[in-house]
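Below: one structure, written as structure tokens.
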Amino acid sequence: MHELGIAGYLIEVAEQHLQRVPHGTVRRLVVRIGEMAGVNPDSLDFAFECLSKGTGVDGARLEVERVPLSVECDACGRRSPVADYVFRCAACGAETVRIASGREMEFVAIDADDPEEVTGAPD
Amino acid sequence: MHLIDVQTGLLADNDAVAAENREMLAKRGIYAVNVMSAPGAGKTSLLERLLPLLAARWRVAVIEGDIVGSADAERLAKLGLPVEQINTGGACHLDARMVHHGVHEVVHGPSDVLVFENVGNLVCPAEFDLGEDDAVMLLSVTEGHDKPKKYPLMFRRAGLLVLNKVDLLAMTDFSVEVAVAAARDVHPGIEVIKTSCRTGEGIADVAAWVEGRIAAKHGRAAPPPPPPPKAG
């Protein structure tokens, strides 16, 4: 249920950026969510839809890039995917692994219409 | 098309305040532990048993998180320790900003150890760093041994898993072996202590674990002189 707070923060950060950068209509907000991040993309999408009404990103689509869970092995240095949340190196079986990806919870970019195009300027 | 680069963490706000909390605590050499579990796993009962053991050697303060009410804070205040109640007003977890004021109070007081008792929830608290040194989680045997597979993040984050209510094991189908193996799939290094807050089993082991962590984090193996006895 903290997706609501995260969606609120997302909108706040987006509006701060949009104040500084000339832009046309905002089409998409791109976020990156790891497989093991404590965020449900559907809940985040729903919260975003509710909270964005009447803001500078009203009507924009939330695009979620999922990042699979992977670990890097301290023993052999190789990187391997994690299946079923079993944290072992798939290459050498060592338990001394660190999470390499899958914990992401990032606001990547805002996709808006080009302000030049909006004002009708030539290419 | 016009891409505006943002590149910021969605929890950047929380993480920044958590870092501030951690720095304030580190400066004063205060060890902080974040205690998390599902509702009813026995966090407050564990603290009622554990904190008197710790308070014999360390000055302990508690920040208590609940959605509403002060029942748990009242229980812990009976131990004669400073307890600050935080009501999250519906939020399902403590976050760094909610506890920031409490941390501020604690670092200006005479404390060695700060205990955060989080809101009962196996999901959200795991994602919100408070600025603690260690996360401890409780799993009670009545919840079932499959929980590490279902709530991996919480088990991944915790340094210590307390298996509570072991006095009820005979009445459940809970397998300690299955639970521990599942927890160690998610977090190979996790330590496990079996406890019962009714019989007192394992509580001294949890106290010893915490004291070991205090020593490890701050190089303070020898405790300070015991605090003066408090009324009540």
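Identifiers in this document derive from the order of the structure tokens: chains are assigned A, B, ..., residues are numbered from 1 separately in each chain, and ligands are numbered from 1 in order of occurrence.
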
### Query
Any idea which chain B residues end up within 10 Å of chain A if we count only C-alpha atoms, as an MDAnalysis selection string please?
chainID B and resid 1:13 90:93 123:128 148:154 156 182:189

### Message
Residues within 7 Å of Ile193 (chain B), please, as a ChimeraX atom specification. Count only C-alpha atoms; anything in the same chain fewer than 2 positions from it doesn't count.
### Response
/B:161-163,191,195,202,206

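The residue that comes closest to Gly65 (chain B), out of B:Val210, B:Ala32, B:Leu53, B:Met98 and on the basis of only C-alpha atoms, is B:Met98.
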
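For region 71-81 of chain A, the set of protein, DNA and RNA residues having any atom at most 6 Å away, when counting only C-alpha atoms and skipping those fewer than 5 positions along the same chain, is Cys89, Ala90, Thr96, Val97, Arg98, Ile99 and Ala100 of chain A.
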